[in-house]
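> Would you mind keeping the following structure in view while I ask a few things?
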Amino acid sequence: MTDQGNNPVIDTSKPHSARMYDYYLGGKTHYEVDVQAAEAVIATVPFAGAMARANRDFMIRATRTLVEDYGIRQFLDIGSGIPTQPNLHQVAQGIAPESRVVYTDNDPIVLQYAEALLHSTPEGRTAYLQADASKPETILDSGELRSTLDLDRPVALSVNALFHFVPDEWGPYEILDGLMSRLAPGSFLCLSHATTDVGDPELAALGRRVEEIYSRGGTTLRLRDSAEIARFFRGLELIDPGITMAHHWRPDAGTETELKDGEPSMFAGVARKP
């Protein structure tokens with residue numbers, strides 16, 4: 001990415017994970033280079049699109065649960081990605097119009113479409129912050145966040161499909177601890193993470209091939225096993241059903257998943273800060 005004044009220039013010479021994710025979800029905000037990389041993933045893991053949609057549905061159900069059952073009215077969505085209906089604030093404000101949401105991402109194409117994230121209800125508020133998740137203080141100390149969220153009250157931190165793009169050398173657990181440590185007791189963590197720990201060695205091998213596809217495009221993808229993912233929730237109180245595949249986390253009654261038996265989504269969970 002380069003900058004021209006205050007307008008970041010989008011690099012279309014190599015694929016970007018946010019645009020590939022948009023393609024998996026059936027969106028239109030991507031380029032040919034993203035399509036080629038995403039199709040290589042789909043050729044390796046044919047249910048990649050279903051996995052992405054299962055992860056999106058997890059976000060919707062987790063947000064709804066926190067608003068309805070736990071009274072959460074503040075959300076911080078890091079790695080929000082390209083806007084996709086329904087966005088997190090639409091889910092939260094559809095139940096509690098006074099809900100407040102801050103979105104953050106570091107992809108310049110998300111910045112271009114951020115206006116779609118700012119259509120709040122009159123009672124609530126939304127804000128968008130262009131920021132790097134590897135530097136939690138730049139998010140938590142920003143004026144956009146401080147004018148939207150009250151960190152003395154509980155906040156739900158949403159980091160869905162984010163940390164598998166954070167390599168070990170960046171200190172992913174330290175980054176998350178830096179975020180959660182600044183949130184009030186009663187806050188929540190909503191996290192989903194891709195994994196190779198799926199009980200099938202052949203599927204695990206395919207996951208490693210997907211890591212290589214992303215690497216060739218210049219993006220680090222770090223799939224982690226169940227123990228490594230559970231470590232993100234250390235010191236927090238998991239709510240039922242604990243850490244499970246995204247499509248198994250409180251599925252809506254009567255709704256069938258696109259995924260077939262044995263096809264994984266991502267590990268996902270929601271936990272409360274004591």
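Residues in the structure tokens are numbered from 1 in each chain, the chains being A, B, ... in the order shown, and ligands are numbered from 1 in the order shown.
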Give me, as a count of residues only, all polymer residues having an atom no more than 7 Å from Ile243 of chain A, counting only C-alpha atoms and skipping those fewer than 2 positions away in the same chain.
4
> Neighbours of Asn160 of chain A within 10 Å (only C-alpha atoms; same-chain residues fewer than 5 positions away dropped), as a list of chain:residue names?
A:Asn55, A:Arg56, A:Phe58, A:Met59, A:Asp77, A:Ile78, A:Gly79, A:Ser80, A:Gly81, A:Leu189, A:Cys190, A:Leu191, A:Ser192, A:His193, A:Ala194, A:Met266, A:Ala268, A:Gly269
> Can you spit out the residues from that selection as a short mmCIF file (atom, residue, chain, number, x, y, z; two decimals), in the first residue's frame, using all heavy atoms?

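Result file follows (result.cif):
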data_model
loop_
_atom_site.label_atom_id
_atom_site.label_comp_id
_atom_site.auth_asym_id
_atom_site.auth_seq_id
_atom_site.Cartn_x
_atom_site.Cartn_y
_atom_site.Cartn_z
N ASN A 55 -18.74 -18.70 9.39
CA ASN A 55 -18.10 -17.76 10.29
C ASN A 55 -18.91 -16.47 10.40
O ASN A 55 -19.07 -15.91 11.47
CB ASN A 55 -16.69 -17.46 9.79
CG ASN A 55 -15.96 -16.49 10.70
OD1 ASN A 55 -15.64 -16.80 11.83
ND2 ASN A 55 -15.68 -15.30 10.19
N ARG A 56 -19.42 -16.01 9.27
CA ARG A 56 -20.25 -14.81 9.28
C ARG A 56 -21.51 -15.02 10.10
O ARG A 56 -21.94 -14.15 10.88
CB ARG A 56 -20.63 -14.44 7.83
CG ARG A 56 -21.30 -13.10 7.67
CD ARG A 56 -20.31 -11.98 7.79
NE ARG A 56 -20.96 -10.68 7.83
CZ ARG A 56 -20.33 -9.54 8.04
NH1 ARG A 56 -19.03 -9.54 8.22
NH2 ARG A 56 -20.98 -8.41 8.09
N PHE A 58 -21.82 -17.06 12.57
CA PHE A 58 -21.42 -17.07 13.98
C PHE A 58 -21.39 -15.66 14.54
O PHE A 58 -21.87 -15.40 15.65
CB PHE A 58 -20.04 -17.73 14.13
CG PHE A 58 -19.36 -17.40 15.44
CD1 PHE A 58 -19.82 -17.94 16.63
CD2 PHE A 58 -18.27 -16.53 15.48
CE1 PHE A 58 -19.21 -17.62 17.84
CE2 PHE A 58 -17.66 -16.21 16.67
CZ PHE A 58 -18.12 -16.75 17.85
N MET A 59 -20.82 -14.71 13.78
CA MET A 59 -20.79 -13.32 14.24
C MET A 59 -22.19 -12.82 14.52
O MET A 59 -22.44 -12.17 15.54
CB MET A 59 -20.11 -12.45 13.18
CG MET A 59 -20.04 -10.96 13.54
SD MET A 59 -21.57 -9.99 13.26
CE MET A 59 -21.67 -10.02 11.46
N ASP A 77 -15.11 -4.01 16.89
CA ASP A 77 -14.92 -5.03 15.85
C ASP A 77 -13.59 -4.75 15.14
O ASP A 77 -13.48 -3.81 14.35
CB ASP A 77 -16.08 -4.98 14.86
CG ASP A 77 -16.01 -6.07 13.80
OD1 ASP A 77 -15.11 -6.92 13.89
OD2 ASP A 77 -16.84 -6.06 12.88
N ILE A 78 -12.58 -5.57 15.43
CA ILE A 78 -11.25 -5.37 14.85
C ILE A 78 -11.06 -6.36 13.70
O ILE A 78 -11.30 -7.55 13.84
CB ILE A 78 -10.16 -5.55 15.93
CG1 ILE A 78 -10.35 -4.51 17.04
CG2 ILE A 78 -8.77 -5.42 15.31
CD1 ILE A 78 -9.31 -4.60 18.14
N GLY A 79 -10.59 -5.82 12.58
CA GLY A 79 -10.51 -6.64 11.38
C GLY A 79 -11.89 -6.81 10.77
O GLY A 79 -12.28 -7.89 10.35
N SER A 80 -12.63 -5.70 10.73
CA SER A 80 -14.04 -5.76 10.33
C SER A 80 -14.23 -6.22 8.90
O SER A 80 -15.26 -6.81 8.57
CB SER A 80 -14.69 -4.39 10.52
OG SER A 80 -13.94 -3.38 9.86
N GLY A 81 -13.26 -5.96 8.04
CA GLY A 81 -13.38 -6.40 6.65
C GLY A 81 -14.31 -5.53 5.83
O GLY A 81 -14.87 -4.54 6.29
N LEU A 189 -15.16 -11.45 24.86
CA LEU A 189 -14.35 -11.73 23.68
C LEU A 189 -15.14 -12.66 22.76
O LEU A 189 -15.61 -13.71 23.20
CB LEU A 189 -13.04 -12.43 24.08
CG LEU A 189 -12.20 -13.00 22.93
CD1 LEU A 189 -11.68 -11.88 22.03
CD2 LEU A 189 -11.05 -13.85 23.47
N CYS A 190 -15.28 -12.26 21.50
CA CYS A 190 -15.86 -13.12 20.46
C CYS A 190 -14.76 -13.40 19.45
O CYS A 190 -14.27 -12.46 18.81
CB CYS A 190 -17.03 -12.44 19.76
SG CYS A 190 -18.37 -11.92 20.83
N LEU A 191 -14.39 -14.65 19.31
CA LEU A 191 -13.23 -14.99 18.47
C LEU A 191 -13.51 -16.23 17.65
O LEU A 191 -14.06 -17.21 18.15
CB LEU A 191 -12.00 -15.20 19.36
CG LEU A 191 -10.68 -15.60 18.68
CD1 LEU A 191 -9.48 -14.97 19.43
CD2 LEU A 191 -10.49 -17.12 18.63
N SER A 192 -13.12 -16.18 16.37
CA SER A 192 -13.11 -17.37 15.54
C SER A 192 -11.74 -17.46 14.88
O SER A 192 -11.08 -16.44 14.63
CB SER A 192 -14.22 -17.34 14.49
OG SER A 192 -14.06 -16.25 13.61
N HIS A 193 -11.31 -18.69 14.59
CA HIS A 193 -9.94 -18.90 14.13
C HIS A 193 -9.88 -20.17 13.31
O HIS A 193 -10.38 -21.23 13.71
CB HIS A 193 -9.02 -19.02 15.36
CG HIS A 193 -7.56 -18.91 15.08
ND1 HIS A 193 -6.87 -19.79 14.28
CD2 HIS A 193 -6.64 -18.00 15.51
CE1 HIS A 193 -5.60 -19.44 14.24
NE2 HIS A 193 -5.44 -18.35 14.97
N ALA A 194 -9.24 -20.10 12.15
CA ALA A 194 -9.07 -21.28 11.29
C ALA A 194 -8.09 -22.26 11.92
O ALA A 194 -7.18 -21.87 12.65
CB ALA A 194 -8.58 -20.86 9.91
N MET A 266 -14.58 -22.93 11.35
CA MET A 266 -13.48 -22.42 12.18
C MET A 266 -13.84 -22.71 13.63
O MET A 266 -15.01 -22.79 13.98
CB MET A 266 -13.27 -20.92 12.00
CG MET A 266 -12.95 -20.46 10.59
SD MET A 266 -12.69 -18.66 10.54
CE MET A 266 -12.70 -18.41 8.76
N ALA A 268 -14.62 -21.45 17.19
CA ALA A 268 -15.21 -20.18 17.61
C ALA A 268 -15.66 -20.29 19.06
O ALA A 268 -16.01 -21.37 19.55
CB ALA A 268 -16.40 -19.82 16.72
N GLY A 269 -15.66 -19.16 19.73
CA GLY A 269 -16.13 -19.13 21.12
C GLY A 269 -16.39 -17.71 21.58
O GLY A 269 -15.93 -16.74 20.96
#
> Let's see if you can do this: from backbone DSSP, list all strand (DSSP E) residues in segment 58-262 of chain A, as an mmCIF file with N, CA and C atoms, in the first residue's frame.

data_model
loop_
_atom_site.group_PDB
_atom_site.id
_atom_site.type_symbol
_atom_site.label_atom_id
_atom_site.label_comp_id
_atom_site.auth_asym_id
_atom_site.auth_seq_id
_atom_site.Cartn_x
_atom_site.Cartn_y
_atom_site.Cartn_z
ATOM 1 N N GLN A 74 -22.095 -2.168 23.654
ATOM 2 C CA GLN A 74 -20.900 -1.600 23.055
ATOM 3 C C GLN A 74 -20.075 -2.710 22.404
ATOM 4 N N PHE A 75 -19.628 -2.465 21.177
ATOM 5 C CA PHE A 75 -18.856 -3.464 20.438
ATOM 6 C C PHE A 75 -17.642 -2.809 19.789
ATOM 7 N N LEU A 76 -16.527 -3.527 19.833
ATOM 8 C CA LEU A 76 -15.310 -3.142 19.127
ATOM 9 C C LEU A 76 -14.964 -4.275 18.172
ATOM 10 N N ASP A 77 -15.110 -4.011 16.886
ATOM 11 C CA ASP A 77 -14.916 -5.026 15.849
ATOM 12 C C ASP A 77 -13.592 -4.751 15.143
ATOM 13 N N ILE A 78 -12.580 -5.566 15.430
ATOM 14 C CA ILE A 78 -11.253 -5.372 14.854
ATOM 15 C C ILE A 78 -11.057 -6.356 13.703
ATOM 16 N N ARG A 100 -23.650 0.878 20.389
ATOM 17 C CA ARG A 100 -22.549 1.645 19.803
ATOM 18 C C ARG A 100 -21.477 0.672 19.308
ATOM 19 N N VAL A 101 -20.934 0.958 18.144
ATOM 20 C CA VAL A 101 -19.979 0.039 17.521
ATOM 21 C C VAL A 101 -18.824 0.831 16.926
ATOM 22 N N VAL A 102 -17.598 0.372 17.201
ATOM 23 C CA VAL A 102 -16.413 0.900 16.526
ATOM 24 C C VAL A 102 -15.830 -0.219 15.674
ATOM 25 N N TYR A 103 -15.651 0.067 14.394
ATOM 26 C CA TYR A 103 -15.020 -0.858 13.460
ATOM 27 C C TYR A 103 -13.579 -0.411 13.215
ATOM 28 N N THR A 104 -12.675 -1.372 13.094
ATOM 29 C CA THR A 104 -11.302 -1.038 12.723
ATOM 30 C C THR A 104 -10.792 -2.039 11.697
ATOM 31 N N ASP A 105 -9.952 -1.530 10.799
ATOM 32 C CA ASP A 105 -9.279 -2.386 9.822
ATOM 33 C C ASP A 105 -8.085 -1.603 9.282
ATOM 34 N N ARG A 125 -24.589 4.772 17.822
ATOM 35 C CA ARG A 125 -23.490 5.439 17.134
ATOM 36 C C ARG A 125 -22.543 4.393 16.570
ATOM 37 N N THR A 126 -21.965 4.681 15.410
ATOM 38 C CA THR A 126 -20.908 3.840 14.860
ATOM 39 C C THR A 126 -19.751 4.738 14.444
ATOM 40 N N ALA A 127 -18.549 4.153 14.426
ATOM 41 C CA ALA A 127 -17.357 4.868 13.989
ATOM 42 C C ALA A 127 -16.445 3.882 13.288
ATOM 43 N N TYR A 128 -15.610 4.405 12.396
ATOM 44 C CA TYR A 128 -14.624 3.568 11.711
ATOM 45 C C TYR A 128 -13.238 4.150 11.947
ATOM 46 N N LEU A 129 -12.296 3.265 12.267
ATOM 47 C CA LEU A 129 -10.933 3.659 12.567
ATOM 48 C C LEU A 129 -9.982 2.852 11.703
ATOM 49 N N GLN A 130 -9.164 3.530 10.920
ATOM 50 C CA GLN A 130 -8.115 2.867 10.154
ATOM 51 C C GLN A 130 -6.940 2.644 11.092
ATOM 52 N N ALA A 156 -17.899 -5.633 24.019
ATOM 53 C CA ALA A 156 -17.648 -6.924 23.373
ATOM 54 C C ALA A 156 -16.595 -6.710 22.294
ATOM 55 N N LEU A 157 -15.472 -7.393 22.430
ATOM 56 C CA LEU A 157 -14.395 -7.334 21.447
ATOM 57 C C LEU A 157 -14.609 -8.456 20.441
ATOM 58 N N SER A 158 -14.823 -8.085 19.192
ATOM 59 C CA SER A 158 -15.058 -9.057 18.128
ATOM 60 C C SER A 158 -13.806 -9.135 17.251
ATOM 61 N N VAL A 159 -13.178 -10.302 17.251
ATOM 62 C CA VAL A 159 -11.978 -10.529 16.432
ATOM 63 C C VAL A 159 -12.186 -11.822 15.638
ATOM 64 N N ASN A 160 -13.173 -11.790 14.790
ATOM 65 C CA ASN A 160 -13.514 -12.979 14.017
ATOM 66 C C ASN A 160 -12.624 -13.094 12.784
ATOM 67 N N PHE A 188 -16.648 -8.889 26.900
ATOM 68 C CA PHE A 188 -16.645 -10.202 26.249
ATOM 69 C C PHE A 188 -15.639 -10.251 25.111
ATOM 70 N N LEU A 189 -15.158 -11.446 24.855
ATOM 71 C CA LEU A 189 -14.351 -11.735 23.677
ATOM 72 C C LEU A 189 -15.138 -12.657 22.765
ATOM 73 N N CYS A 190 -15.283 -12.259 21.499
ATOM 74 C CA CYS A 190 -15.865 -13.119 20.460
ATOM 75 C C CYS A 190 -14.757 -13.401 19.454
ATOM 76 N N LEU A 191 -14.388 -14.651 19.306
ATOM 77 C CA LEU A 191 -13.230 -14.991 18.470
ATOM 78 C C LEU A 191 -13.508 -16.228 17.651
ATOM 79 N N SER A 192 -13.122 -16.176 16.373
ATOM 80 C CA SER A 192 -13.106 -17.375 15.536
ATOM 81 C C SER A 192 -11.744 -17.456 14.876
ATOM 82 N N HIS A 193 -11.311 -18.687 14.592
ATOM 83 C CA HIS A 193 -9.939 -18.903 14.135
ATOM 84 C C HIS A 193 -9.880 -20.174 13.307
ATOM 85 N N GLU A 237 -14.089 -16.448 31.060
ATOM 86 C CA GLU A 237 -15.122 -17.445 31.369
ATOM 87 C C GLU A 237 -15.930 -17.735 30.112
ATOM 88 N N LEU A 238 -15.699 -18.907 29.511
ATOM 89 C CA LEU A 238 -16.415 -19.273 28.297
ATOM 90 C C LEU A 238 -17.899 -19.461 28.589
ATOM 91 N N THR A 244 -16.079 -24.319 19.937
ATOM 92 C CA THR A 244 -16.594 -25.339 19.039
ATOM 93 C C THR A 244 -16.495 -24.834 17.605
ATOM 94 N N MET A 245 -16.827 -25.670 16.642
ATOM 95 C CA MET A 245 -16.867 -25.199 15.275
ATOM 96 C C MET A 245 -17.937 -24.096 15.151
#
> For Met20 of chain A, find every residue with an atom within 12 Å (counting only C-alpha atoms), except residues of its own chain fewer than 6 positions away, and show them as a PyMOL selection string.
chain A and resi 14+26-42+48-49+52+81-82+213-214+217+219
> My list of candidates is A:Asn87, A:Asp132, A:Gly94, A:Pro201. Which is closest to Leu117 of chain A when distances are computed with only C-alpha atoms?
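Of A:Asn87, A:Asp132, A:Gly94, A:Pro201, the one nearest Leu117 of chain A is A:Asn87, counting only C-alpha atoms.
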> In Å to one decimal, how far is atom CA of Met51 of chain A from atom CA of Pro15 of chain A?
19.2 Å
> In Å, how far is it from atom CA of Ala246 of chain A to atom CA of Ala54 of chain A?
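Going from atom CA of Ala246 of chain A over to atom CA of Ala54 of chain A, I get 6.2 Å.
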> For atom CA of Leu25 of chain A and atom CA of Gln90 of chain A, determine how far apart the two atoms are, in Å to one decimal place.
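The value is 17.8 Å.
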> Write out as a count of residues only each polymer residue whose atoms come within 12 Å of segment 169-182 of chain A, counting only C-alpha atoms; drop sequence neighbours fewer than 6 positions from it.
45
